[in-house]
Each structure stands twice: as structure tokens, then as C-alpha cells.
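**Q** I'd like to ask you about the structure that follows.
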Amino acid sequence: MLKNTRYYDPINDFRRGVARRLMRLFFGNHGQPTSEPLPAKGIYRILVCHVSHSLGNTLLLTPLLSELEKVYPAAEIDILTRSPIANDLYGHFFNVLRIFRLPAHGVGHPLQFFGTLRRMRKMRYDLAIDADPLSQTGRLLMLLSNSTYTLGFSSPKKHGEITHPVPLPSELLSKGRRPVYLLRSAMGRNDSVDYPVPDIHLSATEREQGKAALTRSLAASGITSSGRGIIGIFANATGPKQLSEAWWMRLIGVLEAAFPEHRIVEIVPASGASMLSSRYPAYFSTDLRKLASVLSGLDVYISADCGIMHLACASDVPTLGIFTVTNADEWGPYGPNRHVIPAHGMEPEDVARAIAVMPEFHRG
């Protein structure tokens, strides 16, 4: 085994060296890496590159935007992204100015792709950030920018010289915390507390409208009071994270017996089909901000690990995420009133009992 290790390491080192030389050839040199921290002053134009376009990943960039607004309050932030929902989720940040939206598949839409890059390259930035620790595409796009300082993670999957490379932290897996860690490390800060949570900055009006929509949903089922609180259930997820209707009904049965004065509302997925056979009052919307407004009116939100779970977190509703297959350290909700429910191999009744002891059910 040692012989094989010695044999493969030089080959990988050679391939990485070739990749770096090609990067310098095609994209130029964006400054030699420096040990000097990013300046706390004089940063007024910032570009954030984040190409992942799933709902969860799009939402998990918002903690970095909150951190940027805190440490560079006078700066304008532009975002280069492939997310089709970026305007809905990032557009309410006060410091965000432009959102450059690339097509999800640039090969199929070359005019839109290169047109967007051309508009981005016309801008001059003080700081460009490649927020994704793994995507080489994000690094390439950042290197195309005109920026004084460039910031990103350093790892074997990342090529291209930048001014502020930050080693990927093996002890911090959280998708929401890592971009904030990246910025803090580059600024010479090592504080690991008070990480911003996902947030889409719902207005007071949106929250009021969400509560009114929930009241109408209950009334349509003949329920005239919200009782001791409203429990929102989103019973959908993708792939192996999906739990069956029978599984959910067994879990809900325990909760109904434990909290008979609470109301249950189903959050219907984008397919428009109830996952619980329309047994409960429901709310459906393909408009993410309207959906988030309704989520904010819940007293508790429960689902498996999914994009809507992250939307609930970003709507500031107490969130209970059930994790059966995915890594909770990486994808789990964090912050006040946000809980991971480890459920690998557990029966739904046991999961319900773990949920029932959460403090959100015992207030007032």
C-alpha cells in the first residue's frame, strides 16, 4: 500500500501543477497569495460567486450576505449565481445591488451565459469571493472578475491563484457556516460563535399576510381557532430522504395524542399534490416569498431534510429537521429554535416522542 501511495502522489501533484499553469494562462494571475488579512476598511464593491442553484444551497448563502453587511456596512454587493430564485431570496438585502443570473446550463444558452459574464466583467471590484468550497466553476468565474482582492477556499479541487486562500476546515462541515468562516478567517478573526442564520428578510407586512393565509386555511376546514399553536408538516423530500405517507401518519398520530389542542397544517409541495391525502388544512404556493410568509406564521415546522426546511429556517420559524440519511453536521439547521432530529433507523413513533419533548411545544 505504501508503494502505491508513493506512486500516485507525484502523478496527482503533476496534474495539479498543470491545472494551475493552465489557469494562469487562460485566466491570468489575480495576485500572489498573501498572509496579510483582508482590510477592514476601503472595501466598497464586492462580488460573491455562487453557482449552485438548488433551493437549499441558495438559502445557505444568506448567512454570508448578513456577515458582509455587518463587517462592510458601506459596501455594495453583487452576486453571480445560477439560481433562478436568487432575486426572491437575495433581493431584500439592503446592500445587494445587482444579481447576475447565469443560465443553469450555459452550454444550452451561450448568448445569455456570455452576455451575463460580459456585464459582470465591466464592473471593478475591491473584493471577489468564491463562496463554494468544492465548485471549480465558481473559482473560474471569480477569476474572470476584475477584483483587487480574491477570496476562496484552498483545496485539491480548487485551482487558480488568489490573494486570500483559506484552508478548508475539516472540523466545520455546515454549509451555512463555512462561507462565514471563510470571510472571518481572511480578516484574521477566529471567533466561531454567533454565526448568522439563513434569512430572507421577510417584512412585517409579509408576516402578517402569512398569518392571515393560515387563518383562512384553517377556516376552510371549519377550524375557527389556532388553538395552542399551529404545527406545519411538509411531508415531501427527494430521493432516499423521502418518507412514506404511512410513516408520517404514524408520527402525526403520536403528536395529535400528545398535543390535542394544537392544529396541524400541511405544506403542500410544488407538485400541487397532498402527501397526506388531504386529511388536514393545507397551504400551497409556488411563490417562495408567499410560502415563506406562511411558514413564518407557524408555531412549529416539521419535515425531513429538504429545501423547504431551509426556507423555514430563513423565515424564522422554530424548525425541526428529521435526518434519516443525510449528514446533519453538513445540512442541519442551526441557531436558536432550530433543531436536528436524528432519526436513522428509528420508528416514526420514537421520532415523534423525540419531537414532543422539544421546548417549542411547551411554551405558554
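Within each chain, counting starts at residue 1; across the C-alpha cells, chains are named A, B, ... in the order shown, with ligands numbered 1 upward in that order.
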Give me, as JSON, numbers by chain, all polymer residues having an atom no more than 8 Å from Glu349 (chain A), counting only C-alpha atoms and skipping those fewer than 5 positions away in the same chain.

**A** {"A": [250, 251, 254]}

**Q** Keeping N, CA and C atoms for every residue in the selection just given, could you write it to a file as a CSV table (one decimal), in the first residue's frame?

**A**
chain,number,residue,atom,x,y,z
A,250,ARG,N,-48.2,7.8,11.2
A,250,ARG,CA,-47.8,7.2,12.5
A,250,ARG,C,-47.2,8.3,13.4
A,251,LEU,N,-46.3,9.1,12.8
A,251,LEU,CA,-45.7,10.2,13.6
A,251,LEU,C,-46.7,11.2,14.0
A,254,VAL,N,-49.0,10.3,17.0
A,254,VAL,CA,-48.4,10.5,18.4
A,254,VAL,C,-48.5,11.9,18.8

**Q** Using backbone DSSP assignments, extract all strand (DSSP E or B) residues from region 138-294 of chain A; output them as number ranges by chain.

**A** A: 146-154, 164-167, 227, 229-234, 262-267, 282-283

**Q** Take the selection from the previous step and output its residues with N, CA and C atoms, as a tab-separated table (two decimals), in the first residue's frame.

**A**
chain	number	residue	atom	x	y	z
A	146	ASN	N	-12.86	41.42	-12.34
A	146	ASN	CA	-11.81	42.42	-12.15
A	146	ASN	C	-11.86	42.86	-10.69
A	147	SER	N	-11.01	42.25	-9.88
A	147	SER	CA	-11.08	42.49	-8.44
A	147	SER	C	-9.68	42.65	-7.85
A	148	THR	N	-9.54	43.55	-6.90
A	148	THR	CA	-8.26	43.76	-6.22
A	148	THR	C	-7.92	42.57	-5.33
A	149	TYR	N	-8.88	42.15	-4.52
A	149	TYR	CA	-8.68	41.00	-3.63
A	149	TYR	C	-9.59	39.87	-4.07
A	150	THR	N	-9.08	38.65	-3.98
A	150	THR	CA	-9.86	37.46	-4.30
A	150	THR	C	-9.79	36.50	-3.13
A	151	LEU	N	-10.93	35.94	-2.76
A	151	LEU	CA	-11.04	35.11	-1.56
A	151	LEU	C	-11.76	33.82	-1.88
A	152	GLY	N	-11.21	32.71	-1.39
A	152	GLY	CA	-11.85	31.42	-1.56
A	152	GLY	C	-11.14	30.36	-0.76
A	153	PHE	N	-11.74	29.18	-0.70
A	153	PHE	CA	-11.11	28.06	0.00
A	153	PHE	C	-10.00	27.48	-0.85
A	154	SER	N	-8.98	26.96	-0.19
A	154	SER	CA	-7.93	26.22	-0.87
A	154	SER	C	-8.12	24.74	-0.58
A	164	HIS	N	-6.26	35.60	-1.24
A	164	HIS	CA	-6.58	35.16	0.12
A	164	HIS	C	-7.18	33.75	0.11
A	165	PRO	N	-6.33	32.73	-0.06
A	165	PRO	CA	-6.83	31.35	0.06
A	165	PRO	C	-6.94	30.96	1.53
A	166	VAL	N	-8.01	30.26	1.87
A	166	VAL	CA	-8.25	29.82	3.25
A	166	VAL	C	-8.38	28.31	3.26
A	167	PRO	N	-7.58	27.61	4.07
A	167	PRO	CA	-7.70	26.14	4.12
A	167	PRO	C	-9.11	25.72	4.52
A	227	GLY	N	-55.86	27.42	18.31
A	227	GLY	CA	-55.61	26.58	19.48
A	227	GLY	C	-54.35	27.00	20.21
A	229	GLY	N	-51.40	26.38	19.18
A	229	GLY	CA	-50.33	26.61	18.21
A	229	GLY	C	-50.56	25.82	16.94
A	230	ILE	N	-49.92	26.24	15.86
A	230	ILE	CA	-50.07	25.59	14.56
A	230	ILE	C	-48.79	24.85	14.22
A	231	ILE	N	-48.93	23.56	13.94
A	231	ILE	CA	-47.80	22.72	13.54
A	231	ILE	C	-47.86	22.56	12.02
A	232	GLY	N	-46.81	22.98	11.34
A	232	GLY	CA	-46.73	22.79	9.89
A	232	GLY	C	-45.96	21.52	9.56
A	233	ILE	N	-46.53	20.69	8.70
A	233	ILE	CA	-45.89	19.44	8.27
A	233	ILE	C	-45.63	19.53	6.77
A	234	PHE	N	-44.38	19.37	6.37
A	234	PHE	CA	-44.03	19.23	4.95
A	234	PHE	C	-43.55	17.80	4.76
A	262	HIS	N	-53.33	21.55	19.63
A	262	HIS	CA	-52.60	22.14	18.52
A	262	HIS	C	-53.29	21.83	17.20
A	263	ARG	N	-53.10	22.68	16.22
A	263	ARG	CA	-53.64	22.46	14.88
A	263	ARG	C	-52.51	22.03	13.94
A	264	ILE	N	-52.85	21.18	13.01
A	264	ILE	CA	-51.87	20.71	12.03
A	264	ILE	C	-52.26	21.24	10.66
A	265	VAL	N	-51.28	21.82	9.96
A	265	VAL	CA	-51.47	22.31	8.60
A	265	VAL	C	-50.43	21.64	7.72
A	266	GLU	N	-50.87	21.09	6.60
A	266	GLU	CA	-49.91	20.51	5.65
A	266	GLU	C	-49.41	21.59	4.70
A	267	ILE	N	-48.10	21.65	4.52
A	267	ILE	CA	-47.49	22.49	3.49
A	267	ILE	C	-47.35	21.61	2.25
A	282	ALA	N	-54.51	22.90	4.55
A	282	ALA	CA	-53.27	22.92	3.77
A	282	ALA	C	-53.01	24.31	3.20
A	283	TYR	N	-51.75	24.52	2.83
A	283	TYR	CA	-51.38	25.73	2.11
A	283	TYR	C	-50.45	25.34	0.98

**Q** With only C-alpha atoms as the basis for distance, which of A:Ala343, A:Leu117, A:Ala186, A:Leu65 is at the shortest distance from Thr34 (chain A)?

**A** A:Ala186

**Q** With only C-alpha atoms as the atoms that count, which of A:Ala235, A:Leu89, A:Ala304, A:Ala74 lies nearest to Pro198 (chain A)?

**A**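 The closest residue to Pro198 (chain A) is A:Leu89.
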
**Q** Residues at most 12 Å from Glu69 (chain A), counting only C-alpha atoms, excluding those fewer than 4 positions away in the same chain, as an mmCIF file with C-alpha atoms, in the first residue's frame?

**A**
data_model
loop_
_atom_site.group_PDB
_atom_site.id
_atom_site.type_symbol
_atom_site.label_atom_id
_atom_site.label_comp_id
_atom_site.auth_asym_id
_atom_site.auth_seq_id
_atom_site.Cartn_x
_atom_site.Cartn_y
_atom_site.Cartn_z
ATOM 1 C CA ILE A 43 -13.900 47.608 0.630
ATOM 2 C CA TYR A 44 -16.909 49.133 -1.140
ATOM 3 C CA ARG A 45 -17.609 46.886 -4.129
ATOM 4 C CA ILE A 46 -17.989 43.161 -3.506
ATOM 5 C CA THR A 62 -27.610 34.211 3.036
ATOM 6 C CA PRO A 63 -25.546 33.955 6.270
ATOM 7 C CA LEU A 64 -22.535 35.214 4.293
ATOM 8 C CA LEU A 65 -24.580 38.150 2.972
ATOM 9 C CA PRO A 73 -21.799 48.117 6.011
ATOM 10 C CA ALA A 74 -20.912 50.739 3.397
ATOM 11 C CA ALA A 75 -20.309 48.235 0.595
ATOM 12 C CA GLU A 76 -22.458 47.281 -2.387
ATOM 13 C CA ILE A 77 -22.750 43.544 -3.035
ATOM 14 C CA PHE A 93 -30.803 42.508 1.475
ATOM 15 C CA PHE A 94 -30.218 46.259 1.682
ATOM 16 C CA ASN A 95 -26.620 46.097 0.429
ATOM 17 C CA VAL A 96 -27.288 43.787 -2.527
ATOM 18 C CA VAL A 180 -18.875 33.000 7.050
ATOM 19 C CA LEU A 183 -14.584 35.634 5.433
ATOM 20 C CA PRO A 196 -25.679 34.323 11.230
#

**Q** Quick one: everything within 6 Å of Gly176 (chain A), counting only C-alpha atoms, minus sequence neighbours fewer than 2 positions away in the same chain. Send it as a ChimeraX atom specification.

**A** /A:60,174,178

**Q** From the list A:Ala246, A:Met123, A:Leu47, A:Ile79, which residue is nearest Leu102 (chain A) when using only C-alpha atoms?

**A**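 Smallest distance to Leu102 (chain A) is found for A:Ile79.
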
**Q** Would you list the contacts of His50 (chain A) as a PyMOL selection string, taking every protein, DNA or RNA residue within 12 Å and counting only C-alpha atoms, but skipping same-chain residues closer than 5 positions in sequence?

**A** chain A and resi 57-62+64-65+78-83+86+99-102+128-142+152+179

**Q** Just to be explicit: take each residue in the selection above, keep N, CA and C atoms, and write the result as a compact mmCIF listing (two decimals), in the first residue's frame.

**A**
# COMPACT_ATOMS: atom_id res chain seq x y z
N ASN A 57 -29.04 25.25 -1.16
CA ASN A 57 -27.75 25.92 -1.32
C ASN A 57 -27.92 27.41 -1.52
N THR A 58 -28.97 27.81 -2.24
CA THR A 58 -29.22 29.24 -2.44
C THR A 58 -29.49 29.92 -1.11
N LEU A 59 -30.30 29.30 -0.26
CA LEU A 59 -30.61 29.87 1.05
C LEU A 59 -29.41 29.88 1.98
N LEU A 60 -28.55 28.88 1.85
CA LEU A 60 -27.42 28.77 2.77
C LEU A 60 -26.29 29.74 2.44
N LEU A 61 -26.46 30.54 1.40
CA LEU A 61 -25.52 31.64 1.15
C LEU A 61 -25.90 32.89 1.94
N THR A 62 -27.16 32.97 2.39
CA THR A 62 -27.61 34.21 3.04
C THR A 62 -26.85 34.54 4.33
N LEU A 64 -23.69 34.43 4.75
CA LEU A 64 -22.54 35.21 4.29
C LEU A 64 -22.96 36.63 3.95
N LEU A 65 -24.11 36.81 3.31
CA LEU A 65 -24.58 38.15 2.97
C LEU A 65 -24.83 38.97 4.25
N ASP A 78 -22.66 42.59 -5.25
CA ASP A 78 -23.21 41.96 -6.44
C ASP A 78 -23.07 40.45 -6.27
N ILE A 79 -23.99 39.69 -6.85
CA ILE A 79 -23.98 38.23 -6.75
C ILE A 79 -24.05 37.62 -8.14
N LEU A 80 -23.13 36.71 -8.41
CA LEU A 80 -23.14 35.95 -9.66
C LEU A 80 -23.60 34.54 -9.32
N THR A 81 -24.73 34.12 -9.91
CA THR A 81 -25.35 32.86 -9.49
C THR A 81 -26.08 32.21 -10.65
N ARG A 82 -26.34 30.94 -10.51
CA ARG A 82 -27.19 30.23 -11.46
C ARG A 82 -28.59 30.00 -10.91
N SER A 83 -28.85 30.47 -9.70
CA SER A 83 -30.13 30.19 -9.07
C SER A 83 -31.26 31.00 -9.70
N ALA A 86 -32.84 33.58 -7.12
CA ALA A 86 -31.93 34.46 -6.40
C ALA A 86 -32.56 35.81 -6.10
N ILE A 99 -27.82 41.34 -9.20
CA ILE A 99 -27.77 39.89 -9.23
C ILE A 99 -27.57 39.47 -10.68
N PHE A 100 -26.38 38.97 -10.98
CA PHE A 100 -26.07 38.46 -12.32
C PHE A 100 -26.48 37.00 -12.35
N ARG A 101 -27.53 36.69 -13.10
CA ARG A 101 -28.04 35.31 -13.10
C ARG A 101 -27.64 34.59 -14.37
N LEU A 102 -26.80 33.59 -14.20
CA LEU A 102 -26.38 32.74 -15.30
C LEU A 102 -27.44 31.66 -15.55
N ALA A 128 -13.67 39.97 -4.47
CA ALA A 128 -14.49 38.92 -5.08
C ALA A 128 -14.34 37.66 -4.25
N ILE A 129 -15.47 37.00 -3.98
CA ILE A 129 -15.49 35.84 -3.10
C ILE A 129 -16.04 34.63 -3.84
N ASP A 130 -15.29 33.55 -3.82
CA ASP A 130 -15.76 32.24 -4.29
C ASP A 130 -16.23 31.49 -3.04
N ALA A 131 -17.54 31.47 -2.81
CA ALA A 131 -18.08 31.00 -1.53
C ALA A 131 -18.19 29.49 -1.42
N ASP A 132 -18.11 28.78 -2.53
CA ASP A 132 -18.31 27.32 -2.51
C ASP A 132 -16.98 26.62 -2.29
N PRO A 133 -16.88 25.72 -1.31
CA PRO A 133 -15.60 25.07 -1.04
C PRO A 133 -15.20 24.01 -2.05
N LEU A 134 -16.12 23.60 -2.94
CA LEU A 134 -15.82 22.50 -3.84
C LEU A 134 -15.91 22.84 -5.32
N SER A 135 -16.77 23.76 -5.69
CA SER A 135 -17.03 24.01 -7.10
C SER A 135 -15.85 24.71 -7.80
N GLN A 136 -15.29 24.06 -8.80
CA GLN A 136 -14.24 24.70 -9.61
C GLN A 136 -14.85 25.75 -10.53
N THR A 137 -16.12 25.57 -10.92
CA THR A 137 -16.78 26.56 -11.77
C THR A 137 -16.84 27.91 -11.06
N GLY A 138 -17.18 27.90 -9.78
CA GLY A 138 -17.21 29.15 -9.03
C GLY A 138 -15.86 29.83 -9.01
N ARG A 139 -14.78 29.04 -8.88
CA ARG A 139 -13.43 29.62 -8.89
C ARG A 139 -13.13 30.24 -10.26
N LEU A 140 -13.48 29.54 -11.34
CA LEU A 140 -13.24 30.07 -12.68
C LEU A 140 -13.96 31.39 -12.89
N LEU A 141 -15.21 31.45 -12.46
CA LEU A 141 -15.99 32.68 -12.64
C LEU A 141 -15.41 33.82 -11.83
N MET A 142 -14.96 33.54 -10.60
CA MET A 142 -14.36 34.58 -9.79
C MET A 142 -13.08 35.11 -10.45
N GLY A 152 -11.21 32.71 -1.39
CA GLY A 152 -11.85 31.42 -1.56
C GLY A 152 -11.14 30.36 -0.76
N PRO A 179 -19.10 29.57 4.57
CA PRO A 179 -18.76 30.83 3.90
C PRO A 179 -18.46 31.97 4.87

**Q** When you draw a straight line from CA of Tyr90 (chain A) to CA of Ile200 (chain A), how long is it in Å?

**A**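 Atom-to-atom, CA of Tyr90 (chain A) to CA of Ile200 (chain A), that is 6.6 Å.
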
**Q** Would you mind listing what lies within 12 Å of Thr326 (chain A) as a list in words, with only C-alpha atoms counted and same-chain residues fewer than 6 positions away left out?

**A**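 With the cut-off at 12 Å, the set is Ala237, Thr238, Gly239, Pro240, Lys241, Gln242, Ala304, Asp305, Cys306, Gly332, Val340, Ile341, Pro342, Ala343 and His344 of chain A.
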
**Q** Of the residues A:Val357, A:Leu320, A:Ile85, A:Ala352, which is the one nearest to His339 (chain A), using only C-alpha atoms?

**A**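 Result for the nearest residue to His339 (chain A): A:Leu320.
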
**Q** Region 100-322 of chain A: which residues are alpha helix (DSSP H) by DSSP, as a ChimeraX atom specification?

**A** /A:110-121,136-143,178-186,204-220,245-258,288-296,307-314

**Q** Residues of the last selection are to be written out with C-alpha atoms, as a PDB file, in the first residue's frame.

**A**
ATOM      1  CA  PRO A 110     -24.453  30.541 -24.690  1.00  0.00           C
ATOM      2  CA  LEU A 111     -25.696  34.051 -25.523  1.00  0.00           C
ATOM      3  CA  GLN A 112     -27.216  34.525 -22.059  1.00  0.00           C
ATOM      4  CA  PHE A 113     -24.180  32.959 -20.398  1.00  0.00           C
ATOM      5  CA  PHE A 114     -21.548  35.092 -22.088  1.00  0.00           C
ATOM      6  CA  GLY A 115     -23.732  38.190 -22.014  1.00  0.00           C
ATOM      7  CA  THR A 116     -24.054  37.907 -18.236  1.00  0.00           C
ATOM      8  CA  LEU A 117     -20.304  37.405 -17.823  1.00  0.00           C
ATOM      9  CA  ARG A 118     -19.646  40.430 -20.025  1.00  0.00           C
ATOM     10  CA  ARG A 119     -21.820  42.618 -17.792  1.00  0.00           C
ATOM     11  CA  MET A 120     -20.090  41.311 -14.696  1.00  0.00           C
ATOM     12  CA  ARG A 121     -16.609  41.915 -16.155  1.00  0.00           C
ATOM     13  CA  GLN A 136     -14.243  24.702  -9.608  1.00  0.00           C
ATOM     14  CA  THR A 137     -16.780  26.564 -11.766  1.00  0.00           C
ATOM     15  CA  GLY A 138     -17.211  29.147  -9.026  1.00  0.00           C
ATOM     16  CA  ARG A 139     -13.433  29.620  -8.892  1.00  0.00           C
ATOM     17  CA  LEU A 140     -13.239  30.073 -12.682  1.00  0.00           C
ATOM     18  CA  LEU A 141     -15.995  32.678 -12.642  1.00  0.00           C
ATOM     19  CA  MET A 142     -14.356  34.582  -9.794  1.00  0.00           C
ATOM     20  CA  LEU A 143     -11.051  34.625 -11.679  1.00  0.00           C
ATOM     21  CA  ARG A 178     -18.488  27.701   6.110  1.00  0.00           C
ATOM     22  CA  PRO A 179     -18.756  30.832   3.902  1.00  0.00           C
ATOM     23  CA  VAL A 180     -18.875  33.000   7.050  1.00  0.00           C
ATOM     24  CA  TYR A 181     -15.834  31.166   8.392  1.00  0.00           C
ATOM     25  CA  LEU A 182     -14.100  31.881   5.076  1.00  0.00           C
ATOM     26  CA  LEU A 183     -14.584  35.634   5.433  1.00  0.00           C
ATOM     27  CA  ARG A 184     -13.719  35.740   9.133  1.00  0.00           C
ATOM     28  CA  SER A 185     -10.530  33.733   8.592  1.00  0.00           C
ATOM     29  CA  ALA A 186      -9.407  36.007   5.762  1.00  0.00           C
ATOM     30  CA  ALA A 204     -43.695  42.784   8.773  1.00  0.00           C
ATOM     31  CA  THR A 205     -46.371  43.016   6.078  1.00  0.00           C
ATOM     32  CA  GLU A 206     -45.350  39.658   4.601  1.00  0.00           C
ATOM     33  CA  ARG A 207     -45.511  38.042   8.028  1.00  0.00           C
ATOM     34  CA  GLU A 208     -48.961  39.483   8.699  1.00  0.00           C
ATOM     35  CA  GLN A 209     -50.180  38.236   5.328  1.00  0.00           C
ATOM     36  CA  GLY A 210     -48.782  34.773   6.096  1.00  0.00           C
ATOM     37  CA  LYS A 211     -50.689  34.574   9.382  1.00  0.00           C
ATOM     38  CA  ALA A 212     -53.872  35.687   7.614  1.00  0.00           C
ATOM     39  CA  ALA A 213     -53.413  32.972   4.982  1.00  0.00           C
ATOM     40  CA  LEU A 214     -53.049  30.339   7.709  1.00  0.00           C
ATOM     41  CA  THR A 215     -56.229  31.581   9.377  1.00  0.00           C
ATOM     42  CA  ARG A 216     -58.091  31.237   6.070  1.00  0.00           C
ATOM     43  CA  SER A 217     -56.727  27.712   5.554  1.00  0.00           C
ATOM     44  CA  LEU A 218     -57.959  26.647   8.982  1.00  0.00           C
ATOM     45  CA  ALA A 219     -61.344  28.310   8.451  1.00  0.00           C
ATOM     46  CA  ALA A 220     -61.810  26.489   5.132  1.00  0.00           C
ATOM     47  CA  GLU A 245     -47.359   8.728   3.926  1.00  0.00           C
ATOM     48  CA  ALA A 246     -47.834   5.822   6.330  1.00  0.00           C
ATOM     49  CA  TRP A 247     -44.646   6.836   8.170  1.00  0.00           C
ATOM     50  CA  TRP A 248     -45.873  10.406   8.536  1.00  0.00           C
ATOM     51  CA  MET A 249     -49.328   9.354   9.708  1.00  0.00           C
ATOM     52  CA  ARG A 250     -47.818   7.246  12.465  1.00  0.00           C
ATOM     53  CA  LEU A 251     -45.698  10.218  13.583  1.00  0.00           C
ATOM     54  CA  ILE A 252     -48.631  12.647  13.426  1.00  0.00           C
ATOM     55  CA  GLY A 253     -50.816  10.242  15.398  1.00  0.00           C
ATOM     56  CA  VAL A 254     -48.433  10.462  18.362  1.00  0.00           C
ATOM     57  CA  LEU A 255     -48.265  14.262  18.138  1.00  0.00           C
ATOM     58  CA  GLU A 256     -52.064  14.577  17.935  1.00  0.00           C
ATOM     59  CA  ALA A 257     -52.445  12.465  21.054  1.00  0.00           C
ATOM     60  CA  ALA A 258     -49.766  14.422  22.926  1.00  0.00           C
ATOM     61  CA  LEU A 288     -41.344  31.263  -2.431  1.00  0.00           C
ATOM     62  CA  ARG A 289     -41.813  34.528  -0.562  1.00  0.00           C
ATOM     63  CA  LYS A 290     -45.536  33.872  -0.067  1.00  0.00           C
ATOM     64  CA  LEU A 291     -44.705  30.360   1.119  1.00  0.00           C
ATOM     65  CA  ALA A 292     -42.058  31.733   3.470  1.00  0.00           C
ATOM     66  CA  SER A 293     -44.572  34.254   4.811  1.00  0.00           C
ATOM     67  CA  VAL A 294     -46.964  31.430   5.693  1.00  0.00           C
ATOM     68  CA  LEU A 295     -44.164  29.390   7.260  1.00  0.00           C
ATOM     69  CA  SER A 296     -43.295  32.371   9.457  1.00  0.00           C
ATOM     70  CA  GLY A 307     -35.054  22.839   0.653  1.00  0.00           C
ATOM     71  CA  ILE A 308     -38.318  23.874   2.327  1.00  0.00           C
ATOM     72  CA  MET A 309     -36.736  23.051   5.699  1.00  0.00           C
ATOM     73  CA  HIS A 310     -34.052  25.648   4.927  1.00  0.00           C
ATOM     74  CA  LEU A 311     -36.767  28.078   3.807  1.00  0.00           C
ATOM     75  CA  ALA A 312     -38.476  27.612   7.178  1.00  0.00           C
ATOM     76  CA  CYS A 313     -35.198  28.394   8.932  1.00  0.00           C
ATOM     77  CA  ALA A 314     -34.804  31.511   6.789  1.00  0.00           C
TER      78      ALA A 314
END

**Q** Could you tell me which of A:Ala328, A:Ile355, A:Leu202, A:Leu276 comes closest to Phe259 (chain A) if we count only C-alpha atoms?

**A**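 Ranked by minimum distance to Phe259 (chain A), first place goes to A:Ile355.
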
**Q** Nearest residue to Ser221 (chain A) out of A:Pro281, A:Pro169, A:Gly42, A:Pro33, using only C-alpha atoms?

**A**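 Between A:Pro281, A:Pro169, A:Gly42, A:Pro33, the residue approaching Ser221 (chain A) most closely is A:Pro281.
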